[in-house]
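Asks: Let me give you the structure first, and then I'll get to my questions.
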Amino acid sequence: MRINRLVAGTVTAGLLGLTPIAIAAPSHATENLTTTTVATPSATEVEYGDDIYISVDVDASNGSSAYRGTSTLYAMEAGSTAWAPVATGTSASSTFFDVKPKINTTYKVVYSGYAATSTYEDNYAASESAPFTVGVARKITYPSSGFVLKGKVTPNYGKKKIVIKVSKKQNKGFKGFKTIKTNKAGKYRVTLPKRGGTWYWSFTVKGDAKYLGTGFVWKTWVS
């Protein structure tokens, strides 16, 4: 009986001396993710002097957005073969770039990628958006009324043609009336004939490698 009590006491003492086992929190393993960069312009055609914004989203292959790293906007103007950096965003995704293209310009956005600095972060591969072009039309000014039209075409439109056509209908049937030229400063002036009834006059500035074509339609009427 003494032996049994001694054994029981020893077992009890052993149980009281057990150290609790800690349960470790689950760890995060770094993933190697690919990315897709999408750049979307607010417009693909603008008048000279106007600006646009370009929104950027960088999506990772696990379905999340990539915010670490940077996105850089690059531009290549008409006539050039080299990309030039325009601006860099502090966040990779949900970035907006405001730009004012001076001539027809092609843009793209390059995401830098990101290397994890701990096991709680992921690695993101670099990527770039598809390039897109924003066309720039020259700006042509004109008065608000009258038969004497004068204004200016900018930029760089000195000693160049403006084609004028005429029609009885607003959107079709235009026929050649005359071609005028701007002066060296890009200014023009023309006097339209006072024909009876309503007439529509189209003024057209042709496009070239650097600029889109532009123009306007003018209405005259004589009762």
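Each chain in the structure tokens gets a letter, A, B and so on, in the order shown; residues start at 1 in every chain, and ligands are counted from 1 in the order they appear.
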Just list as a VMD selection string whatever in segment 18-222 of chain A DSSP marks as strand (DSSP E).
Replies: chain A and resid 32 to 33 35 to 41 45 to 47 52 to 60 71 to 77 84 to 89 95 to 99 105 to 111 123 to 124 127 to 128 132 to 137 139 to 140 148 to 154 161 to 167 175 to 181 187 to 191 197 to 205 214 to 222
Asks: Contacts of Asp57 of chain A at 10 Å or less, counting only C-alpha atoms, minus same-chain residues fewer than 6 places along, as a PyMOL selection string?
Replies: chain A and resi 36-40+65-67+71+91-96+109+111+129
Asks: Using only C-alpha atoms, determine which residues lie at most 10 Å from Val153 of chain A, disregarding the query and same-chain residues fewer than 3 positions distant; provide the list as an mmCIF file with N, CA, C and O atoms, in the first residue's frame.
Replies:
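Dumped everything to result07.cif:
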```cif
data_model
loop_
_atom_site.group_PDB
_atom_site.id
_atom_site.type_symbol
_atom_site.label_atom_id
_atom_site.label_comp_id
_atom_site.auth_asym_id
_atom_site.auth_seq_id
_atom_site.Cartn_x
_atom_site.Cartn_y
_atom_site.Cartn_z
ATOM 1 N N ARG A 138 -4.565 71.100 -84.252
ATOM 2 C CA ARG A 138 -4.257 72.528 -84.132
ATOM 3 C C ARG A 138 -5.515 73.300 -83.697
ATOM 4 O O ARG A 138 -6.638 72.878 -83.951
ATOM 5 N N LYS A 139 -5.286 74.444 -83.078
ATOM 6 C CA LYS A 139 -6.391 75.286 -82.627
ATOM 7 C C LYS A 139 -6.639 76.383 -83.642
ATOM 8 O O LYS A 139 -5.714 77.081 -84.049
ATOM 9 N N ILE A 140 -7.897 76.531 -84.065
ATOM 10 C CA ILE A 140 -8.252 77.589 -85.010
ATOM 11 C C ILE A 140 -9.316 78.480 -84.364
ATOM 12 O O ILE A 140 -10.329 77.989 -83.864
ATOM 13 N N THR A 141 -9.073 79.783 -84.335
ATOM 14 C CA THR A 141 -10.022 80.722 -83.742
ATOM 15 C C THR A 141 -10.797 81.459 -84.830
ATOM 16 O O THR A 141 -10.357 81.531 -85.982
ATOM 17 N N TYR A 142 -11.962 82.007 -84.463
ATOM 18 C CA TYR A 142 -12.820 82.707 -85.412
ATOM 19 C C TYR A 142 -13.770 83.601 -84.632
ATOM 20 O O TYR A 142 -13.964 83.412 -83.411
ATOM 21 N N ASN A 156 2.445 76.819 -85.235
ATOM 22 C CA ASN A 156 3.277 76.587 -86.429
ATOM 23 C C ASN A 156 2.456 76.396 -87.703
ATOM 24 O O ASN A 156 2.569 75.383 -88.387
ATOM 25 N N TYR A 157 1.617 77.383 -88.000
ATOM 26 C CA TYR A 157 0.828 77.268 -89.221
ATOM 27 C C TYR A 157 0.944 78.531 -90.067
ATOM 28 O O TYR A 157 -0.031 79.012 -90.648
ATOM 29 N N GLY A 158 2.121 79.074 -90.148
ATOM 30 C CA GLY A 158 2.352 80.242 -90.969
ATOM 31 C C GLY A 158 2.509 79.893 -92.436
ATOM 32 O O GLY A 158 3.111 78.878 -92.795
ATOM 33 N N LYS A 160 0.354 78.766 -94.590
ATOM 34 C CA LYS A 160 -0.227 77.476 -94.956
ATOM 35 C C LYS A 160 -1.710 77.618 -95.296
ATOM 36 O O LYS A 160 -2.345 78.626 -94.983
ATOM 37 N N ILE A 162 -5.844 77.083 -95.819
ATOM 38 C CA ILE A 162 -7.141 76.774 -95.222
ATOM 39 C C ILE A 162 -8.108 76.602 -96.382
ATOM 40 O O ILE A 162 -8.274 77.494 -97.218
ATOM 41 N N THR A 182 -2.688 81.462 -94.575
ATOM 42 C CA THR A 182 -2.408 82.266 -93.392
ATOM 43 C C THR A 182 -1.164 83.124 -93.645
ATOM 44 O O THR A 182 -0.383 82.845 -94.568
ATOM 45 N N ALA A 185 2.401 84.593 -89.271
ATOM 46 C CA ALA A 185 2.050 84.402 -87.861
ATOM 47 C C ALA A 185 0.901 83.409 -87.682
ATOM 48 O O ALA A 185 0.458 83.153 -86.560
ATOM 49 N N GLY A 186 0.392 82.841 -88.796
ATOM 50 C CA GLY A 186 -0.706 81.889 -88.714
ATOM 51 C C GLY A 186 -2.076 82.537 -88.727
ATOM 52 O O GLY A 186 -3.089 81.851 -88.549
ATOM 53 N N LYS A 187 -2.152 83.857 -88.985
ATOM 54 C CA LYS A 187 -3.438 84.547 -89.000
ATOM 55 C C LYS A 187 -4.079 84.481 -90.389
ATOM 56 O O LYS A 187 -3.382 84.401 -91.399
ATOM 57 N N TYR A 188 -5.407 84.521 -90.420
ATOM 58 C CA TYR A 188 -6.136 84.499 -91.689
ATOM 59 C C TYR A 188 -7.258 85.519 -91.651
ATOM 60 O O TYR A 188 -7.706 85.959 -90.586
ATOM 61 N N VAL A 205 -8.441 72.767 -91.939
ATOM 62 C CA VAL A 205 -6.980 72.749 -91.854
ATOM 63 C C VAL A 205 -6.568 71.281 -91.881
ATOM 64 O O VAL A 205 -6.963 70.511 -91.000
ATOM 65 N N THR A 214 -8.220 69.854 -88.484
ATOM 66 C CA THR A 214 -9.216 70.551 -87.677
ATOM 67 C C THR A 214 -10.019 71.480 -88.575
ATOM 68 O O THR A 214 -9.760 71.577 -89.776
ATOM 69 N N GLY A 215 -10.981 72.167 -88.005
ATOM 70 C CA GLY A 215 -11.794 73.089 -88.789
ATOM 71 C C GLY A 215 -13.103 73.419 -88.098
ATOM 72 O O GLY A 215 -13.332 73.026 -86.947
#
```
Asks: At a cut-off of 9 Å, using only C-alpha atoms, what residues contact Thr220 of chain A? Leave out same-chain residues fewer than 5 positions from it and give the result as a short mmCIF file (atom, residue, chain, number, x, y, z; two decimals) with C-alpha atoms, in the first residue's frame.
Replies:
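The new file part_5.cif reads:
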```cif
data_model
loop_
_atom_site.label_atom_id
_atom_site.label_comp_id
_atom_site.auth_asym_id
_atom_site.auth_seq_id
_atom_site.Cartn_x
_atom_site.Cartn_y
_atom_site.Cartn_z
CA SER A 145 -20.74 86.42 -86.16
CA GLY A 146 -20.54 88.25 -89.47
CA PHE A 147 -19.38 87.78 -93.05
CA LEU A 192 -17.74 85.64 -97.43
CA LYS A 194 -23.74 87.75 -98.97
CA ARG A 195 -25.78 85.17 -100.80
CA GLY A 197 -30.88 82.35 -98.07
CA THR A 198 -28.95 80.14 -95.67
CA TRP A 199 -25.47 78.84 -96.49
CA TYR A 200 -22.93 76.72 -94.68
CA TRP A 201 -19.17 77.25 -95.05
#
```
Asks: Please identify all polymer residues within 8 Å of Ala115 of chain A, counting only C-alpha atoms, omitting same-chain residues fewer than 5 positions from it, and present them as a ChimeraX atom specification.
Replies: /A:122-124
Asks: Write the residues of the selection above to a file with all heavy atoms, as a PDB file, in the first residue's frame.
Replies:
```pdb
ATOM      1  N   ASP A 122       5.026  39.940 -50.821  1.00  0.00           N
ATOM      2  CA  ASP A 122       5.182  39.128 -52.023  1.00  0.00           C
ATOM      3  C   ASP A 122       6.092  39.834 -53.024  1.00  0.00           C
ATOM      4  O   ASP A 122       6.268  41.059 -52.988  1.00  0.00           O
ATOM      5  CB  ASP A 122       3.814  38.864 -52.675  1.00  0.00           C
ATOM      6  CG  ASP A 122       2.908  38.007 -51.816  1.00  0.00           C
ATOM      7  OD1 ASP A 122       3.421  37.036 -51.231  1.00  0.00           O
ATOM      8  OD2 ASP A 122       1.701  38.315 -51.733  1.00  0.00           O
ATOM      9  N   ASN A 123       6.655  39.058 -53.917  1.00  0.00           N
ATOM     10  CA  ASN A 123       7.445  39.609 -55.011  1.00  0.00           C
ATOM     11  C   ASN A 123       6.514  39.879 -56.203  1.00  0.00           C
ATOM     12  O   ASN A 123       5.704  39.023 -56.570  1.00  0.00           O
ATOM     13  CB  ASN A 123       8.537  38.632 -55.445  1.00  0.00           C
ATOM     14  CG  ASN A 123       9.577  38.418 -54.368  1.00  0.00           C
ATOM     15  OD1 ASN A 123      10.004  39.365 -53.708  1.00  0.00           O
ATOM     16  ND2 ASN A 123       9.990  37.167 -54.159  1.00  0.00           N
ATOM     17  N   TYR A 124       6.649  41.057 -56.808  1.00  0.00           N
ATOM     18  CA  TYR A 124       5.839  41.416 -57.965  1.00  0.00           C
ATOM     19  C   TYR A 124       6.750  41.631 -59.172  1.00  0.00           C
ATOM     20  O   TYR A 124       7.704  42.411 -59.106  1.00  0.00           O
ATOM     21  CB  TYR A 124       5.044  42.696 -57.699  1.00  0.00           C
ATOM     22  CG  TYR A 124       3.996  42.558 -56.618  1.00  0.00           C
ATOM     23  CD1 TYR A 124       4.302  42.823 -55.285  1.00  0.00           C
ATOM     24  CD2 TYR A 124       2.705  42.146 -56.926  1.00  0.00           C
ATOM     25  CE1 TYR A 124       3.360  42.688 -54.288  1.00  0.00           C
ATOM     26  CE2 TYR A 124       1.744  42.008 -55.943  1.00  0.00           C
ATOM     27  CZ  TYR A 124       2.071  42.282 -54.613  1.00  0.00           C
ATOM     28  OH  TYR A 124       1.116  42.142 -53.633  1.00  0.00           O
TER      29      TYR A 124
END
```
Asks: Write out as a VMD selection string which residues come within 9 Å of Thr204 of chain A when counting only C-alpha atoms, dropping same-chain ones fewer than 6 positions away.
Replies: chain A and resid 161 to 165 213 to 217
Asks: One number please: atom CA of Asp59 of chain A to atom CA of Thr30 of chain A, in Å, one decimal.
Replies: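 Spanning atom CA of Asp59 of chain A to atom CA of Thr30 of chain A is a straight-line distance of 17.2 Å.
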